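Here's the structure, in structure tokens; my notes come after.
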Amino acid sequence: MSLWFEVIVFTASLAAYADPLLDRIDTQHVISKRYYREHCTVNKQGRYVKDLSRLERSLSRVVIIDNTPYAYSMHEANALPISSFNEDCVGDDKLLTLLPFLEAIHGLQDVRSVLGLRVGAK
């Protein structure tokens with residue numbers, strides 16, 4: 001993905017938990033920036049919401065891939081929902097199935113023009 005996109009991780013986890021895991025999986029150092037729980041906004045229900053404006057990037061070029069709808073509720077037009085990772089499933093390739101779609105949208109002026117067409121988007 002780093003050939004087509006800047007890869008940023010935005011997690012509701014604490015840095016102390018997330019960093020060791022990210023260090024382990026990012027052996028090629030493709031993650032350019034990391035955002036953690038302290039970068040999230042807490043909604044009225046006490047849930048952590050990822051405010052993409054904190055990325056200081058044009059939202060027309062931002063895709064958030066997340067398994068938790070309330071986490072991207074501030075920016076639903078930028079969301080590409082995915083089901084939860086199943087660590088018990090050796091063949092969990094949900095992220096890989098997104099590759100053709102992400103390749104297709106990487107050159108768009110505004111990714112929201114396509115992301116907003118998906119079923120259930122608001």
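Going through the structure tokens in order, the chains are called A, B, and so on, while each chain numbers its residues from 1 and the ligands are numbered from 1 in the order shown.
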
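Those residues of chain A that DSSP, working from the backbone, places in strand (DSSP E) are Val7, Ile8, Val9, Phe10, Ile31, Ser32, Lys33, Arg34, Tyr35, Thr41, Val42, Tyr48, Val49, Ile64, Ile65, Asp66, Ala79, Leu80 and Pro81 of chain A.
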
Those residues you just picked out, can you put them in a file as a PDB file, in the first residue's frame with N, CA and C atoms?
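Result written to part-v4.pdb:
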```pdb
ATOM      1  N   VAL A   7       0.887   5.509   4.549  1.00  0.00           N
ATOM      2  CA  VAL A   7       0.270   4.606   5.520  1.00  0.00           C
ATOM      3  C   VAL A   7       0.409   5.206   6.915  1.00  0.00           C
ATOM      4  N   ILE A   8      -0.741   5.480   7.508  1.00  0.00           N
ATOM      5  CA  ILE A   8      -0.814   6.038   8.863  1.00  0.00           C
ATOM      6  C   ILE A   8      -1.666   5.090   9.693  1.00  0.00           C
ATOM      7  N   VAL A   9      -1.238   4.804  10.886  1.00  0.00           N
ATOM      8  CA  VAL A   9      -2.034   3.982  11.796  1.00  0.00           C
ATOM      9  C   VAL A   9      -2.679   4.913  12.814  1.00  0.00           C
ATOM     10  N   PHE A  10      -3.995   4.777  12.947  1.00  0.00           N
ATOM     11  CA  PHE A  10      -4.754   5.557  13.928  1.00  0.00           C
ATOM     12  C   PHE A  10      -5.514   4.532  14.755  1.00  0.00           C
ATOM     13  N   ILE A  31       4.898   2.504   7.764  1.00  0.00           N
ATOM     14  CA  ILE A  31       4.003   3.371   8.532  1.00  0.00           C
ATOM     15  C   ILE A  31       4.719   4.699   8.754  1.00  0.00           C
ATOM     16  N   SER A  32       4.127   5.765   8.222  1.00  0.00           N
ATOM     17  CA  SER A  32       4.788   7.067   8.318  1.00  0.00           C
ATOM     18  C   SER A  32       4.438   7.823   9.592  1.00  0.00           C
ATOM     19  N   LYS A  33       3.292   7.521  10.180  1.00  0.00           N
ATOM     20  CA  LYS A  33       2.864   8.228  11.380  1.00  0.00           C
ATOM     21  C   LYS A  33       1.931   7.325  12.167  1.00  0.00           C
ATOM     22  N   ARG A  34       1.935   7.531  13.481  1.00  0.00           N
ATOM     23  CA  ARG A  34       1.083   6.745  14.373  1.00  0.00           C
ATOM     24  C   ARG A  34       0.286   7.680  15.275  1.00  0.00           C
ATOM     25  N   TYR A  35      -1.006   7.408  15.356  1.00  0.00           N
ATOM     26  CA  TYR A  35      -1.891   8.160  16.236  1.00  0.00           C
ATOM     27  C   TYR A  35      -2.529   7.170  17.195  1.00  0.00           C
ATOM     28  N   THR A  41     -11.158  11.513  19.876  1.00  0.00           N
ATOM     29  CA  THR A  41     -12.171  12.318  20.543  1.00  0.00           C
ATOM     30  C   THR A  41     -13.094  11.342  21.255  1.00  0.00           C
ATOM     31  N   VAL A  42     -13.521  11.680  22.449  1.00  0.00           N
ATOM     32  CA  VAL A  42     -14.445  10.812  23.180  1.00  0.00           C
ATOM     33  C   VAL A  42     -15.860  11.323  22.927  1.00  0.00           C
ATOM     34  N   TYR A  48     -14.197   6.030  21.901  1.00  0.00           N
ATOM     35  CA  TYR A  48     -13.130   6.756  21.221  1.00  0.00           C
ATOM     36  C   TYR A  48     -13.422   6.838  19.727  1.00  0.00           C
ATOM     37  N   VAL A  49     -13.440   8.076  19.215  1.00  0.00           N
ATOM     38  CA  VAL A  49     -13.721   8.336  17.808  1.00  0.00           C
ATOM     39  C   VAL A  49     -12.466   8.936  17.178  1.00  0.00           C
ATOM     40  N   ILE A  64     -10.052   5.658   5.703  1.00  0.00           N
ATOM     41  CA  ILE A  64      -9.899   4.985   6.988  1.00  0.00           C
ATOM     42  C   ILE A  64     -10.487   3.589   6.852  1.00  0.00           C
ATOM     43  N   ILE A  65      -9.667   2.596   7.121  1.00  0.00           N
ATOM     44  CA  ILE A  65     -10.101   1.201   7.095  1.00  0.00           C
ATOM     45  C   ILE A  65     -10.250   0.787   8.548  1.00  0.00           C
ATOM     46  N   ASP A  66     -11.474   0.460   8.936  1.00  0.00           N
ATOM     47  CA  ASP A  66     -11.731   0.196  10.348  1.00  0.00           C
ATOM     48  C   ASP A  66     -12.867  -0.799  10.496  1.00  0.00           C
ATOM     49  N   ALA A  79     -14.736   6.302   5.068  1.00  0.00           N
ATOM     50  CA  ALA A  79     -14.602   4.970   5.659  1.00  0.00           C
ATOM     51  C   ALA A  79     -14.710   3.839   4.650  1.00  0.00           C
ATOM     52  N   LEU A  80     -13.855   2.882   4.858  1.00  0.00           N
ATOM     53  CA  LEU A  80     -13.903   1.607   4.155  1.00  0.00           C
ATOM     54  C   LEU A  80     -14.013   0.545   5.253  1.00  0.00           C
ATOM     55  N   PRO A  81     -15.249   0.143   5.579  1.00  0.00           N
ATOM     56  CA  PRO A  81     -15.440  -0.816   6.675  1.00  0.00           C
ATOM     57  C   PRO A  81     -14.814  -2.173   6.354  1.00  0.00           C
TER      58      PRO A  81
END
```

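Look at Asn43 in chain A: the protein and nucleic acid residues within 10 Å of it, using only C-alpha atoms and passing over chain neighbours fewer than 6 places away, are Val49, Tyr70, Ala71, Ser73 and Met74 of chain A.
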
Please, could you write that set of residues out with N, CA, C and O atoms as a compact mmCIF listing (two decimals), in the first residue's frame?
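Printed below is out-v3.txt as written:
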```txt
# COMPACT_ATOMS: atom_id res chain seq x y z
N VAL A 49 -13.44 8.08 19.21
CA VAL A 49 -13.72 8.34 17.81
C VAL A 49 -12.47 8.94 17.18
O VAL A 49 -11.82 9.81 17.76
N TYR A 70 -18.43 3.25 14.93
CA TYR A 70 -18.41 4.48 15.73
C TYR A 70 -17.02 5.13 15.73
O TYR A 70 -16.90 6.33 15.89
N ALA A 71 -15.97 4.35 15.47
CA ALA A 71 -14.62 4.91 15.47
C ALA A 71 -14.41 5.89 14.32
O ALA A 71 -13.61 6.81 14.41
N SER A 73 -17.12 7.52 12.89
CA SER A 73 -18.42 8.17 12.75
C SER A 73 -18.33 9.66 12.41
O SER A 73 -19.26 10.22 11.84
N MET A 74 -17.22 10.31 12.69
CA MET A 74 -17.04 11.71 12.33
C MET A 74 -16.72 11.88 10.84
O MET A 74 -16.86 12.98 10.30
```

#### Entry: Residues of chain A in helix (DSSP H, G or I), written as a ChimeraX atom specification
/A:15-25,37-39,52-55,59-61,69-78,94-97,99-105,112-115

Would you pick out the contacts of Gly107 in chain A at 10 Å or less, using only C-alpha atoms, so that residues sharing its chain but fewer than 3 positions from it are not included, and give the list as a PDB file with N, CA and C atoms, in the first residue's frame?
```
ATOM      1  N   TRP A   4       1.147   3.347  -3.123  1.00  0.00           N
ATOM      2  CA  TRP A   4       0.026   4.155  -3.579  1.00  0.00           C
ATOM      3  C   TRP A   4      -0.429   5.177  -2.551  1.00  0.00           C
ATOM      4  N   PHE A   5      -0.218   4.880  -1.281  1.00  0.00           N
ATOM      5  CA  PHE A   5      -0.742   5.711  -0.205  1.00  0.00           C
ATOM      6  C   PHE A   5       0.320   5.945   0.862  1.00  0.00           C
ATOM      7  N   ARG A  61      -8.276  12.846   0.265  1.00  0.00           N
ATOM      8  CA  ARG A  61      -7.288  11.821  -0.049  1.00  0.00           C
ATOM      9  C   ARG A  61      -7.097  10.824   1.095  1.00  0.00           C
ATOM     10  N   LEU A 102      -8.423  -0.591  -3.471  1.00  0.00           N
ATOM     11  CA  LEU A 102      -7.510   0.498  -3.124  1.00  0.00           C
ATOM     12  C   LEU A 102      -6.635   0.896  -4.312  1.00  0.00           C
ATOM     13  N   GLU A 103      -6.230  -0.073  -5.089  1.00  0.00           N
ATOM     14  CA  GLU A 103      -5.458   0.240  -6.294  1.00  0.00           C
ATOM     15  C   GLU A 103      -6.294   1.086  -7.254  1.00  0.00           C
ATOM     16  N   ALA A 104      -7.559   0.759  -7.360  1.00  0.00           N
ATOM     17  CA  ALA A 104      -8.447   1.475  -8.282  1.00  0.00           C
ATOM     18  C   ALA A 104      -8.700   2.919  -7.860  1.00  0.00           C
ATOM     19  N   ASP A 110     -10.725  12.773  -5.305  1.00  0.00           N
ATOM     20  CA  ASP A 110     -11.447  12.729  -4.034  1.00  0.00           C
ATOM     21  C   ASP A 110     -11.964  11.306  -3.818  1.00  0.00           C
ATOM     22  N   VAL A 111     -11.328  10.571  -2.929  1.00  0.00           N
ATOM     23  CA  VAL A 111     -11.712   9.178  -2.677  1.00  0.00           C
ATOM     24  C   VAL A 111     -13.122   9.064  -2.125  1.00  0.00           C
TER      25      VAL A 111
END
```

### Summary
Between CA of Arg37 in chain A and CA of Asp19 in chain A lies a distance of 12.1 Å
